[in-house]
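This is coords_3.txt (compact mmCIF, C-alpha atoms and all ligand atoms).
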# COMPACT_ATOMS: atom_id res chain seq x y z
CA MET A 4 85.95 158.01 24.16
CA GLU A 5 86.15 160.73 26.74
CA LYS A 6 83.21 161.42 28.98
CA SER A 7 81.17 164.49 28.10
CA THR A 8 82.21 167.53 30.12
CA THR A 9 79.02 169.45 29.38
CA PRO A 10 78.16 171.45 32.47
CA SER A 11 75.18 170.15 34.37
CA LYS A 12 71.89 172.00 33.82
CA GLY A 13 70.88 171.55 37.43
CA PRO A 14 70.16 168.68 39.74
CA GLY A 15 69.74 165.26 38.13
CA SER A 16 66.40 163.50 38.26
CA LYS A 17 67.43 161.46 41.31
CA GLU A 18 68.25 164.64 43.22
CA ARG A 19 65.03 166.27 42.01
CA ARG A 20 63.02 163.29 43.27
CA ARG A 21 64.83 163.44 46.60
CA ARG A 22 64.05 167.15 46.98
CA ARG A 23 60.44 166.69 45.98
CA SER A 24 60.00 163.91 48.55
CA ARG A 25 60.76 166.26 51.45
CA PRO A 26 57.79 166.34 53.80
CA PRO A 27 55.58 169.42 53.58
CA ARG A 28 55.85 171.96 56.39
CA HIS A 29 52.85 170.87 58.38
CA GLN A 30 54.28 167.36 58.80
CA MET A 31 57.40 168.65 60.48
CA ARG A 32 55.93 168.64 63.90
CA ILE A 33 56.98 167.08 67.14
CA ASN A 34 55.64 163.60 67.76
CA THR A 35 54.65 163.24 71.41
CA LYS A 36 53.09 159.77 71.33
CA PHE A 37 55.67 158.43 73.81
CA ALA A 38 56.19 161.65 75.77
CA PRO A 39 56.00 161.56 79.61
CA ARG A 40 52.45 161.29 80.97
CA ARG A 41 51.04 161.52 84.46
CA PRO A 42 49.64 158.22 85.72
CA PRO A 43 46.01 158.21 86.90
CA ALA A 44 45.71 159.50 90.49
CA GLY A 45 47.03 157.06 93.07
CA GLN A 46 48.89 154.91 90.52
CA ALA A 47 52.66 154.61 90.24
CA LEU A 48 54.45 155.13 86.91
CA SER A 49 55.03 152.07 84.78
CA CYS A 50 56.08 151.79 81.10
CA SER A 51 54.34 152.05 77.78
CA ASN A 52 52.19 149.00 77.11
CA GLU A 53 52.37 149.56 73.38
CA THR A 54 55.33 147.40 72.48
CA THR A 55 56.63 145.15 69.76
CA LEU A 56 59.24 143.61 72.07
CA LYS A 57 59.03 139.87 72.66
CA PRO A 58 59.15 138.57 76.26
CA GLN A 59 62.72 137.33 75.83
CA GLN A 60 63.81 140.77 74.62
CA GLN A 61 61.98 142.42 77.50
CA LEU A 62 63.99 140.34 79.95
CA GLU A 63 67.20 141.14 78.10
CA LEU A 64 66.39 144.85 78.40
CA TYR A 65 65.98 144.38 82.14
CA ARG A 66 69.37 142.72 82.27
CA TYR A 67 71.01 145.70 80.54
CA LEU A 68 69.30 148.18 82.86
CA LYS A 69 70.52 146.35 85.94
CA LEU A 70 73.96 145.79 84.43
CA THR A 71 74.35 149.53 83.82
CA ARG A 72 73.26 150.49 87.31
CA LEU A 73 75.36 147.87 89.07
CA VAL A 74 78.51 148.42 86.98
CA GLU A 75 78.30 152.11 87.93
CA GLU A 76 77.79 151.23 91.59
CA ARG A 77 80.92 149.10 91.47
CA LEU A 78 82.80 151.96 89.81
CA VAL A 79 81.86 154.20 92.74
CA ASN A 80 83.23 151.58 95.16
CA LEU A 81 86.48 151.44 93.19
CA TYR A 82 86.62 155.25 93.17
CA ARG A 83 86.27 155.38 96.95
CA GLN A 84 89.06 152.86 97.22
CA THR A 85 91.16 155.31 95.09
CA LYS A 86 91.56 152.69 92.37
CA VAL A 87 89.90 154.78 89.64
CA VAL A 88 92.03 157.28 87.74
CA GLY A 89 90.00 160.46 87.12
CA GLY A 90 86.28 160.91 87.75
CA VAL A 91 83.25 158.63 87.82
CA PHE A 92 80.26 159.85 85.85
CA ARG A 93 76.94 158.31 86.76
CA SER A 94 73.79 157.85 84.71
CA LEU A 95 71.77 157.08 87.84
CA GLY A 96 68.10 157.69 87.09
CA GLN A 97 68.54 157.98 83.35
CA GLU A 98 69.75 154.50 82.41
CA ALA A 99 66.61 153.73 80.40
CA THR A 100 67.44 156.34 77.76
CA ALA A 101 70.80 154.85 76.76
CA VAL A 102 69.68 151.22 77.09
CA GLY A 103 66.30 151.53 75.34
CA THR A 104 67.55 153.61 72.41
CA ALA A 105 70.64 151.49 71.70
CA TYR A 106 68.62 148.29 71.96
CA ALA A 107 66.57 149.42 68.93
CA LEU A 108 69.64 149.32 66.66
CA GLN A 109 70.90 146.40 64.62
CA PRO A 110 74.37 144.91 65.15
CA GLN A 111 75.88 146.71 62.12
CA ASP A 112 74.61 150.11 63.29
CA PHE A 113 76.78 152.66 65.11
CA ILE A 114 76.65 154.70 68.28
CA THR A 115 78.74 157.46 69.73
CA PRO A 116 77.95 157.81 73.45
CA LEU A 117 78.63 160.49 76.03
CA ILE A 118 79.68 159.95 79.64
CA ARG A 119 76.12 159.16 80.73
CA ASP A 120 75.52 156.52 78.06
CA LEU A 121 77.31 153.54 79.56
CA GLY A 122 74.10 151.56 79.01
CA ALA A 123 74.36 152.03 75.24
CA VAL A 124 77.98 150.90 75.28
CA LEU A 125 77.03 147.71 77.15
CA VAL A 126 74.14 147.03 74.75
CA LYS A 127 76.66 147.33 71.89
CA GLY A 128 78.51 144.38 73.38
CA ILE A 129 81.31 145.95 75.42
CA ARG A 130 81.93 143.85 78.52
CA PRO A 131 82.04 145.20 82.07
CA ARG A 132 85.67 144.04 82.39
CA GLU A 133 86.68 146.51 79.67
CA ILE A 134 84.91 149.32 81.50
CA PHE A 135 86.54 148.50 84.85
CA ALA A 136 90.02 148.20 83.34
CA GLN A 137 89.54 151.42 81.39
CA TYR A 138 88.41 153.40 84.47
CA MET A 139 91.44 152.09 86.39
CA ALA A 140 93.77 152.94 83.44
CA LYS A 141 95.03 149.35 83.36
CA ALA A 142 97.18 147.78 80.65
CA TRP A 143 94.47 145.27 79.70
CA GLY A 144 91.89 148.00 79.25
CA PRO A 145 90.78 148.92 75.73
CA SER A 146 92.99 152.02 75.55
CA GLY A 147 95.83 150.44 77.55
CA GLY A 148 95.76 153.29 80.08
CA ARG A 149 95.93 156.05 77.45
CA ASP A 150 92.48 157.39 78.19
CA LEU A 151 89.72 156.98 80.77
CA ASN A 152 86.03 156.16 81.37
CA ILE A 153 84.22 155.64 78.07
CA HIS A 154 86.82 157.43 75.98
CA PHE A 155 87.61 154.46 73.79
CA GLY A 156 85.98 152.87 70.78
CA ASP A 157 85.38 149.56 69.08
CA ARG A 158 84.67 149.89 65.40
CA GLU A 159 83.93 146.18 65.00
CA LYS A 160 81.06 146.59 67.43
CA GLY A 161 79.85 149.88 65.93
CA PHE A 162 81.08 152.07 68.78
CA ILE A 163 82.85 155.30 67.85
CA GLY A 164 84.73 156.57 70.91
CA PRO A 165 83.72 160.06 71.96
CA ILE A 166 86.13 162.94 72.35
CA SER A 167 85.61 165.40 75.21
CA HIS A 168 84.53 168.41 73.17
CA LEU A 169 80.77 168.55 73.45
CA GLY A 170 78.93 168.61 70.14
CA ASP A 171 81.86 167.45 68.05
CA MET A 172 80.65 163.89 67.71
CA ILE A 173 77.66 165.09 65.67
CA PRO A 174 79.79 166.10 62.65
CA VAL A 175 82.05 163.06 63.22
CA MET A 176 79.09 160.67 63.07
CA THR A 177 77.74 162.58 60.08
CA GLY A 178 81.05 161.85 58.36
CA VAL A 179 80.85 158.17 59.33
CA LEU A 180 77.40 157.98 57.74
CA LEU A 181 78.49 159.83 54.61
CA ALA A 182 81.36 157.35 54.21
CA ALA A 183 78.97 154.44 54.76
CA ARG A 184 76.64 155.79 52.09
CA MET A 185 79.54 156.06 49.62
CA GLN A 186 80.47 152.46 50.45
CA LYS A 187 76.82 151.42 50.05
CA LYS A 188 76.58 150.18 53.64
CA PRO A 189 73.01 150.48 54.91
CA ILE A 190 73.77 151.52 58.49
CA VAL A 191 72.09 154.01 60.78
CA ALA A 192 73.72 155.66 63.77
CA ILE A 193 72.87 157.27 67.08
CA ALA A 194 74.83 160.24 68.37
CA TYR A 195 74.00 161.07 72.00
CA ILE A 196 74.08 164.65 73.20
CA GLY A 197 73.15 166.48 76.40
CA ASP A 198 71.03 169.60 76.79
CA GLY A 199 74.30 171.52 77.35
CA GLY A 200 76.09 170.01 74.37
CA MET A 201 73.26 171.08 72.08
CA SER A 202 74.24 174.72 72.59
CA THR A 203 77.54 174.31 70.75
CA GLY A 204 78.36 175.41 67.22
CA ALA A 205 79.58 171.93 66.30
CA PHE A 206 76.16 170.48 67.10
CA HIS A 207 74.48 172.96 64.79
CA GLU A 208 76.90 172.54 61.91
CA GLY A 209 76.90 168.76 62.14
CA LEU A 210 73.16 168.31 62.33
CA ASN A 211 72.56 170.86 59.59
CA PHE A 212 74.86 168.94 57.26
CA ALA A 213 73.34 165.56 58.20
CA ALA A 214 69.85 166.97 57.53
CA VAL A 215 70.76 168.50 54.16
CA GLN A 216 72.42 165.24 53.09
CA ARG A 217 69.49 163.22 54.45
CA LEU A 218 71.89 160.99 56.33
CA PRO A 219 70.45 158.31 58.63
CA LEU A 220 71.54 160.04 61.84
CA ILE A 221 69.47 159.73 65.00
CA VAL A 222 70.37 162.37 67.54
CA VAL A 223 69.30 161.39 71.04
CA ALA A 224 69.11 164.59 73.08
CA GLU A 225 69.11 163.90 76.81
CA TYR A 226 67.16 166.55 78.70
CA ASN A 227 68.33 165.76 82.23
CA TYR A 228 67.82 169.25 83.74
CA TYR A 229 71.49 170.18 84.19
CA ALA A 230 74.78 170.73 82.41
CA TYR A 231 77.33 170.70 85.25
CA SER A 232 75.41 173.03 87.62
CA THR A 233 73.58 175.04 84.95
CA PRO A 234 69.84 174.35 84.75
CA THR A 235 68.63 173.83 81.19
CA ALA A 236 66.44 176.95 81.27
CA LEU A 237 69.55 179.11 81.80
CA GLN A 238 71.27 177.97 78.65
CA THR A 239 68.61 177.48 76.02
CA ALA A 240 65.50 179.56 75.30
CA VAL A 241 63.40 176.68 73.95
CA ARG A 242 61.10 174.78 76.26
CA ASP A 243 61.63 171.44 74.56
CA LEU A 244 64.93 170.55 72.89
CA ALA A 245 62.85 168.89 70.18
CA GLU A 246 61.81 172.36 68.95
CA LYS A 247 65.31 172.77 67.56
CA ALA A 248 64.58 170.14 64.88
CA ALA A 249 62.44 172.65 62.98
CA GLY A 250 65.58 174.67 62.31
CA TYR A 251 67.00 171.75 60.35
CA GLY A 252 63.79 170.59 58.66
CA ILE A 253 63.87 167.18 60.32
CA PRO A 254 61.24 165.30 62.32
CA ALA A 255 61.40 165.13 66.12
CA HIS A 256 59.99 163.00 68.91
CA ILE A 257 59.71 163.65 72.61
CA VAL A 258 60.00 160.48 74.64
CA ASP A 259 59.77 159.66 78.32
CA GLY A 260 63.45 158.92 78.89
CA ASN A 261 62.71 156.95 82.07
CA ASP A 262 60.44 154.52 80.21
CA VAL A 263 62.75 151.98 78.63
CA VAL A 264 59.98 150.54 76.43
CA ALA A 265 59.05 153.96 75.04
CA CYS A 266 62.73 154.74 74.36
CA TYR A 267 63.00 151.50 72.42
CA GLU A 268 59.82 152.05 70.42
CA VAL A 269 60.61 155.64 69.45
CA THR A 270 64.12 154.76 68.35
CA LYS A 271 62.86 151.75 66.39
CA ARG A 272 60.56 154.08 64.44
CA ALA A 273 63.32 156.65 63.94
CA ALA A 274 65.74 153.94 62.77
CA ASP A 275 63.19 152.58 60.28
CA HIS A 276 62.58 156.10 59.01
CA ALA A 277 66.30 156.81 58.67
CA ARG A 278 67.13 153.44 57.13
CA GLY A 279 64.33 153.89 54.62
CA GLY A 280 65.94 157.07 53.27
CA GLY A 281 63.96 159.58 55.35
CA GLY A 282 67.07 161.24 56.76
CA ALA A 283 68.03 162.53 60.19
CA VAL A 284 65.72 162.44 63.22
CA LEU A 285 65.92 164.17 66.59
CA ILE A 286 64.70 162.34 69.69
CA GLU A 287 64.44 164.30 72.91
CA ALA A 288 64.45 162.07 75.99
CA LYS A 289 63.05 163.71 79.13
CA THR A 290 64.96 162.35 82.09
CA TYR A 291 66.73 163.49 85.25
CA ARG A 292 70.37 163.36 86.43
CA ARG A 293 70.14 162.17 90.05
CA LYS A 294 73.88 162.41 90.73
CA GLY A 295 76.18 165.37 90.24
CA HIS A 296 78.22 165.94 87.12
CA ALA A 297 80.71 163.45 88.56
CA GLU A 298 81.29 161.81 91.94
CA HIS A 299 83.14 164.84 93.36
CA ASP A 300 80.13 167.14 92.79
CA ASP A 301 78.14 167.67 96.01
CA GLN A 302 75.04 168.98 94.14
CA ARG A 303 74.58 171.94 96.50
CA TYR A 304 72.91 173.86 93.64
CA ILE A 305 69.93 171.47 93.44
CA PRO A 306 66.64 172.62 95.05
CA ALA A 307 65.76 170.69 98.21
CA GLY A 308 63.69 167.57 97.65
CA GLU A 309 64.13 167.44 93.85
CA ILE A 310 66.42 164.40 93.72
CA GLU A 311 64.37 162.56 96.33
CA TRP A 312 61.18 163.15 94.31
CA TRP A 313 62.67 161.53 91.22
CA GLU A 314 64.13 158.67 93.22
CA LYS A 315 60.79 157.91 94.84
CA ASN A 316 58.44 158.50 91.92
CA ASN A 317 60.30 158.12 88.66
CA ASP A 318 63.11 155.62 88.81
CA PRO A 319 63.53 153.80 85.45
CA VAL A 320 64.42 150.45 87.01
CA ASP A 321 61.48 150.53 89.46
CA ARG A 322 59.13 151.48 86.65
CA TYR A 323 60.30 148.68 84.41
CA GLU A 324 60.12 146.08 87.19
CA ARG A 325 56.53 147.17 87.87
CA PHE A 326 55.77 146.85 84.17
CA LEU A 327 57.29 143.36 83.82
CA LEU A 328 55.52 142.09 86.93
CA ASP A 329 52.16 143.65 86.02
CA CYS A 330 52.07 142.27 82.51
CA GLY A 331 53.24 138.85 83.68
CA VAL A 332 56.48 138.75 81.65
CA ALA A 333 58.50 138.05 84.80
CA THR A 334 58.06 136.99 88.40
CA ARG A 335 60.00 138.57 91.27
CA GLU A 336 62.09 135.36 91.40
CA LYS A 337 62.99 135.72 87.72
CA LEU A 338 64.08 139.34 88.24
CA ASP A 339 66.17 138.32 91.26
CA GLU A 340 67.75 135.55 89.23
CA ILE A 341 68.75 137.99 86.46
CA THR A 342 70.15 140.41 89.05
CA ALA A 343 72.19 137.64 90.71
CA ASP A 344 73.60 136.69 87.33
CA VAL A 345 74.56 140.31 86.60
CA MET A 346 76.27 140.56 89.99
CA ARG A 347 78.22 137.38 89.29
CA GLU A 348 79.45 138.80 85.99
CA ILE A 349 80.45 142.09 87.64
CA GLU A 350 82.33 140.25 90.39
CA GLU A 351 84.26 138.14 87.90
CA ASP A 352 85.02 141.02 85.54
CA CYS A 353 86.11 143.36 88.29
CA GLU A 354 88.51 140.75 89.63
CA TRP A 355 89.94 140.32 86.14
CA ALA A 356 90.41 144.08 85.71
CA GLU A 357 92.02 144.47 89.14
CA SER A 358 94.46 141.69 88.32
CA SER A 359 95.69 143.58 85.25
CA PRO A 360 99.07 145.32 85.54
CA MET A 361 99.42 149.05 84.96
CA PRO A 362 100.83 149.83 81.50
CA ASP A 363 104.59 150.11 80.90
CA PRO A 364 105.48 153.81 80.75
CA GLU A 365 107.13 153.32 77.32
CA GLN A 366 103.81 152.25 75.90
CA ALA A 367 102.74 155.90 75.97
CA ALA A 368 104.79 156.39 72.80
CA TYR A 369 102.88 153.74 70.89
CA GLY A 370 99.47 153.94 69.30
CA VAL A 371 99.65 157.72 69.25
CA TYR A 372 102.17 158.53 66.53
CA ASP A 373 102.97 156.62 63.38
CA ASN A 374 105.80 154.59 64.85
CA SER A 375 107.64 154.36 61.53
CA ILE A 376 108.27 158.10 61.78
CA VAL A 377 108.99 158.38 65.49
CA PRO A 378 110.24 161.75 66.72
CA PRO A 379 114.06 161.50 67.12
CA ALA A 380 113.87 162.21 70.83
CA LEU A 381 111.97 158.99 71.42
CA ARG A 382 113.72 156.84 68.84
CA ARG A 383 116.61 155.18 70.61
CA SER A 384 115.50 155.06 74.19
CA VAL A 385 111.97 153.91 73.63
CA LEU A 386 111.15 152.38 70.31
CA GLU A 387 114.24 150.59 69.09
CA ASN A 388 114.13 147.38 71.06
C1 LIG B 401 82.76 172.37 74.00
C2 LIG B 401 82.83 171.98 75.45
N1 LIG B 401 82.53 172.90 76.41
C3 LIG B 401 82.60 172.54 77.73
C4 LIG B 401 82.98 171.28 78.10
C5 LIG B 401 83.05 170.88 79.58
N2 LIG B 401 81.91 170.03 79.92
C6 LIG B 401 82.03 168.69 79.95
S1 LIG B 401 80.58 167.93 80.33
C7 LIG B 401 79.79 169.42 80.49
C8 LIG B 401 78.33 169.46 80.84
C9 LIG B 401 77.54 168.77 79.81
O1 LIG B 401 76.17 168.89 80.07
P1 LIG B 401 75.13 168.19 79.15
O2 LIG B 401 75.50 168.37 77.71
O3 LIG B 401 73.79 168.65 79.56
O4 LIG B 401 75.34 166.64 79.46
P2 LIG B 401 75.12 165.89 80.87
O5 LIG B 401 76.39 166.03 81.65
O6 LIG B 401 73.97 166.53 81.54
O7 LIG B 401 74.87 164.47 80.51
C10 LIG B 401 80.64 170.48 80.24
C11 LIG B 401 80.26 171.90 80.28
C12 LIG B 401 83.31 170.35 77.06
N3 LIG B 401 83.66 169.09 77.32
N4 LIG B 401 83.21 170.73 75.76
MG MG B 402 72.40 167.73 80.82

Would you write out, as structure tokens, the structure that this file holds?
Amino acid sequence: MEKSTTPSKGPGSKERRRRRSRPPRHQMRINTKFAPRRPPAGQALSCSNETTLKPQQQLELYRYLKLTRLVEERLVNLYRQTKVVGGVFRSLGQEATAVGTAYALQPQDFITPLIRDLGAVLVKGIRPREIFAQYMAKAWGPSGGRDLNIHFGDREKGFIGPISHLGDMIPVMTGVLLAARMQKKPIVAIAYIGDGGMSTGAFHEGLNFAAVQRLPLIVVAEYNYYAYSTPTALQTAVRDLAEKAAGYGIPAHIVDGNDVVACYEVTKRAADHARGGGGAVLIEAKTYRRKGHAEHDDQRYIPAGEIEWWEKNNDPVDRYERFLLDCGVATREKLDEITADVMREIEEDCEWAESSPMPDPEQAAYGVYDNSIVPPALRRSVLEN
């Protein structure tokens, strides 16, 4: 028998329930529980002491923070030796945001990072050797020299490679999550975005759609004071990026982006909310970009003393070391041991990447087009042997 084609009289009961379960207006406020706070006079900044992380996990977090910082330092060395193709983009001073947020995900969950989210990529299981080979455009790198820096992906590891156009990864990740819902895969995802990227049309359209569909998308908005040389106040009229969530009817958090524990805790809550069917969440991480847009940028547009203030008073690695030592999770010797181990890994991986050949020029024709329908111009000379 054929299925009834009677037109629907409106949303089904499941849809009605979903609509009714939307939070009332007054609940759509910004949660500031883990927002930046001033320490009591005379005390240096540490991290949130409200944590569900076990000591072993706390040490692992430290390892990722140091790994991120030291991989980037090595990239700068390689750049100065002219071995890097293209630019080097640092996350100096804001490593805790990428590391802490990504650490709150489960292995099956997805991320799509931006240039300042190397820490999230490493947490997702990408090895430093892949990063070095990719930056040097080597044949053994993940894109085989076709693209640079973190413009590659690894779907097995839940890492969707970003494209350059700011904002566009929000609708892409929304699509990934819609597909996962149709395949009944219970994943959540983080899409990272900068204060500048949030001013694009793609950001708005993507987040609006994710919110309407109640997709488990966590947008991590990195307020780091600048987009290239433009201060945030010159390109958005809101004070806090989190205010934008109200326009989509989704909850928002403001977190201290230089407190790795707070970043973890906020994202854990957002992921639980999203996984439980609550829909999209916006997390604004307050942090600071201590280097220029890329290594070539001399930062002449930055007010005198600003970078030095952040370096001295609000460095995420210093803060986390203070926290681990104060609460007795680690001794100085333990931290040194972890750092030495990270340096060993970087040494080994960098050597591996440097020993890789450059790609064969012909390889440029592969992995781009469907090679069964190669353009005639390339057919004989390149692809037929
Ligand atoms: C749609 C679009 N416009 C402009 C650019 C060029 N661009 C690349 S990064 C960047 C600054 C991004 O600033 P922000 O989003 O704050 O991220 P941050 O660099 O601070 O991490 C710009 C303008 C781009 N990639 N895409
Ligand atoms: Mg920015």

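Take atom CA of A:Arg217 and atom CA of A:Ile253: the distance between them is 9.0 Å.
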
Mind dumping a table of every chain A residue within 7 Å of ligand MG 402 (chain B), with the nearest atom pair and its distance in Å to one decimal, using only C-alpha atoms and all ligand atoms, sorted by chain and rising number, as a Markdown table?
| residue | atom | partner | partner_atom | distance |
| --- | --- | --- | --- | --- |
| A:Gly197 | CA | B:MG402 | MG | 4.7 |
| A:Asp198 | CA | B:MG402 | MG | 4.6 |
| A:Gly199 | CA | B:MG402 | MG | 5.5 |
| A:Glu225 | CA | B:MG402 | MG | 6.4 |
| A:Tyr226 | CA | B:MG402 | MG | 5.8 |
| A:Asn227 | CA | B:MG402 | MG | 4.7 |
| A:Tyr228 | CA | B:MG402 | MG | 5.6 |
| A:Tyr229 | CA | B:MG402 | MG | 4.3 |
| A:Ala230 | CA | B:MG402 | MG | 4.1 |

Using C-alpha atoms, can you export the residues from the last selection as a short mmCIF file (atom, residue, chain, number, x, y, z; two decimals), in the coordinates of the input?
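Result file is selection05.cif:
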data_model
loop_
_atom_site.label_atom_id
_atom_site.label_comp_id
_atom_site.auth_asym_id
_atom_site.auth_seq_id
_atom_site.Cartn_x
_atom_site.Cartn_y
_atom_site.Cartn_z
CA GLY A 197 73.15 166.48 76.40
CA ASP A 198 71.03 169.60 76.79
CA GLY A 199 74.30 171.52 77.35
CA GLU A 225 69.11 163.90 76.81
CA TYR A 226 67.16 166.55 78.70
CA ASN A 227 68.33 165.76 82.23
CA TYR A 228 67.82 169.25 83.74
CA TYR A 229 71.49 170.18 84.19
CA ALA A 230 74.78 170.73 82.41
#

Would you mind listing, for every residue of chain A within 10 Å of ligand LIG 401 (chain B), the two atoms forming the shortest contact and the distance between them in Å to one decimal, using all atoms listed in the file, sorted by chain and ascending residue number, as a Markdown table?
| residue | atom | partner | partner_atom | distance |
| --- | --- | --- | --- | --- |
| A:Phe92 | CA | B:LIG401 | O5 | 8.4 |
| A:Arg93 | CA | B:LIG401 | O7 | 9.0 |
| A:Ser94 | CA | B:LIG401 | O7 | 7.9 |
| A:Gln97 | CA | B:LIG401 | O7 | 9.5 |
| A:Leu117 | CA | B:LIG401 | O7 | 7.1 |
| A:Ile118 | CA | B:LIG401 | O7 | 6.7 |
| A:Arg119 | CA | B:LIG401 | O7 | 5.5 |
| A:Asp120 | CA | B:LIG401 | O7 | 8.3 |
| A:Ile166 | CA | B:LIG401 | N3 | 8.3 |
| A:Ser167 | CA | B:LIG401 | N3 | 4.7 |
| A:His168 | CA | B:LIG401 | N4 | 3.7 |
| A:Leu169 | CA | B:LIG401 | N4 | 4.0 |
| A:Gly170 | CA | B:LIG401 | C1 | 6.6 |
| A:Asp171 | CA | B:LIG401 | C1 | 7.8 |
| A:Tyr195 | CA | B:LIG401 | O7 | 9.2 |
| A:Ile196 | CA | B:LIG401 | O2 | 6.0 |
| A:Gly197 | CA | B:LIG401 | O2 | 3.3 |
| A:Asp198 | CA | B:LIG401 | O3 | 4.0 |
| A:Gly199 | CA | B:LIG401 | O2 | 3.4 |
| A:Gly200 | CA | B:LIG401 | O2 | 3.8 |
| A:Met201 | CA | B:LIG401 | O2 | 6.6 |
| A:Ser202 | CA | B:LIG401 | O2 | 8.3 |
| A:Thr203 | CA | B:LIG401 | C1 | 6.4 |
| A:Gly204 | CA | B:LIG401 | C1 | 8.6 |
| A:Ala205 | CA | B:LIG401 | C1 | 8.3 |
| A:Phe206 | CA | B:LIG401 | C1 | 9.7 |
| A:Ala224 | CA | B:LIG401 | O2 | 8.7 |
| A:Glu225 | CA | B:LIG401 | O7 | 6.9 |
| A:Tyr226 | CA | B:LIG401 | O3 | 7.0 |
| A:Asn227 | CA | B:LIG401 | O6 | 5.7 |
| A:Tyr228 | CA | B:LIG401 | O6 | 7.1 |
| A:Tyr229 | CA | B:LIG401 | O6 | 5.1 |
| A:Ala230 | CA | B:LIG401 | O1 | 3.3 |
| A:Tyr231 | CA | B:LIG401 | C8 | 4.7 |
| A:Ser232 | CA | B:LIG401 | C8 | 8.2 |
| A:Thr233 | CA | B:LIG401 | O1 | 8.3 |
| A:Pro234 | CA | B:LIG401 | O3 | 8.7 |
| A:Thr235 | CA | B:LIG401 | O3 | 7.5 |
| A:Gln238 | CA | B:LIG401 | O3 | 9.7 |
| A:Thr290 | CA | B:LIG401 | O6 | 9.9 |
| A:Tyr291 | CA | B:LIG401 | O6 | 8.7 |
| A:Arg292 | CA | B:LIG401 | O6 | 6.8 |
| A:Gly295 | CA | B:LIG401 | O5 | 8.6 |
| A:His296 | CA | B:LIG401 | O5 | 5.8 |
| A:Ala297 | CA | B:LIG401 | O5 | 8.5 |

Take the selection from the previous step and output its residues with C-alpha atoms, as a compact mmCIF listing (two decimals), in the coordinates of the input.
# COMPACT_ATOMS: atom_id res chain seq x y z
CA PHE A 92 80.26 159.85 85.85
CA ARG A 93 76.94 158.31 86.76
CA SER A 94 73.79 157.85 84.71
CA GLN A 97 68.54 157.98 83.35
CA LEU A 117 78.63 160.49 76.03
CA ILE A 118 79.68 159.95 79.64
CA ARG A 119 76.12 159.16 80.73
CA ASP A 120 75.52 156.52 78.06
CA ILE A 166 86.13 162.94 72.35
CA SER A 167 85.61 165.40 75.21
CA HIS A 168 84.53 168.41 73.17
CA LEU A 169 80.77 168.55 73.45
CA GLY A 170 78.93 168.61 70.14
CA ASP A 171 81.86 167.45 68.05
CA TYR A 195 74.00 161.07 72.00
CA ILE A 196 74.08 164.65 73.20
CA GLY A 197 73.15 166.48 76.40
CA ASP A 198 71.03 169.60 76.79
CA GLY A 199 74.30 171.52 77.35
CA GLY A 200 76.09 170.01 74.37
CA MET A 201 73.26 171.08 72.08
CA SER A 202 74.24 174.72 72.59
CA THR A 203 77.54 174.31 70.75
CA GLY A 204 78.36 175.41 67.22
CA ALA A 205 79.58 171.93 66.30
CA PHE A 206 76.16 170.48 67.10
CA ALA A 224 69.11 164.59 73.08
CA GLU A 225 69.11 163.90 76.81
CA TYR A 226 67.16 166.55 78.70
CA ASN A 227 68.33 165.76 82.23
CA TYR A 228 67.82 169.25 83.74
CA TYR A 229 71.49 170.18 84.19
CA ALA A 230 74.78 170.73 82.41
CA TYR A 231 77.33 170.70 85.25
CA SER A 232 75.41 173.03 87.62
CA THR A 233 73.58 175.04 84.95
CA PRO A 234 69.84 174.35 84.75
CA THR A 235 68.63 173.83 81.19
CA GLN A 238 71.27 177.97 78.65
CA THR A 290 64.96 162.35 82.09
CA TYR A 291 66.73 163.49 85.25
CA ARG A 292 70.37 163.36 86.43
CA GLY A 295 76.18 165.37 90.24
CA HIS A 296 78.22 165.94 87.12
CA ALA A 297 80.71 163.45 88.56

Which of these residues is nearest to A:Ala47, using all atoms listed in the file: A:Asp275, A:Asp363, A:Asp352, A:Asp329?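 Among A:Asp275, A:Asp363, A:Asp352, A:Asp329, it is A:Asp329 that comes nearest to A:Ala47.
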
Just to confirm, what's the straight-line distance from atom CA of A:Arg77 to atom CA of A:Ile349 in Å (one decimal)? 8.0 Å

Excluding stretch 281-286 of chain A and residues on its chain fewer than 4 positions from it, collect all residues at most 10 Å away from it, counting only C-alpha atoms, and give them as a ChimeraX atom specification. /A:21,24-26,33-34,104,177,191-195,210-225,244-249,251-258,260,266,269-270,272-277

Considering all atoms listed in the file, state which residue in the set A:Ala240, A:Ile153, A:Val371, A:Leu56 is at the smallest distance from A:Gly103. A:Leu56

Skipping near chain neighbours, those fewer than 4 positions away, what residues fall within 12 Å of A:Lys86 using all atoms listed in the file, listed as JSON, numbers by chain? {"A": [77, 78, 79, 80, 81, 82, 90, 91, 135, 136, 137, 138, 139, 140, 141, 353, 356, 357, 361]}

For each of A:Ile134, A:Val126, A:Leu68, A:Ile163, take the minimum atom-to-atom distance to A:Ile114, counting all atoms listed in the file, then give the residue where this is smallest.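 Counting all atoms listed in the file, the residue closest to A:Ile114 is A:Ile163.
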
Give me, please, the distance in Å between atom CA of A:Glu354 and atom CA of A:Gly122, quoted to one decimal.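 Separation between atom CA of A:Glu354 and atom CA of A:Gly122: 20.9 Å.
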
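Taking all atoms listed in the file into account, A:Ala368 lies nearest to A:Gly147 out of the set A:Gly308, A:Pro110, A:Gly147, A:Gly164.
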
Point out the residue among A:Met172, A:Ile310, A:Val88, A:Val345 with the least atom-to-atom distance to A:Glu63, counting all atoms listed in the file.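 Residue with the minimum atom-to-atom distance to A:Glu63: A:Val345.
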
Hey, which of A:Lys160, A:Val87, A:Arg41, A:Leu338 ends up closest to A:Gly148? Count all atoms listed in the file.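 Counting all atoms listed in the file, the residue closest to A:Gly148 is A:Val87.
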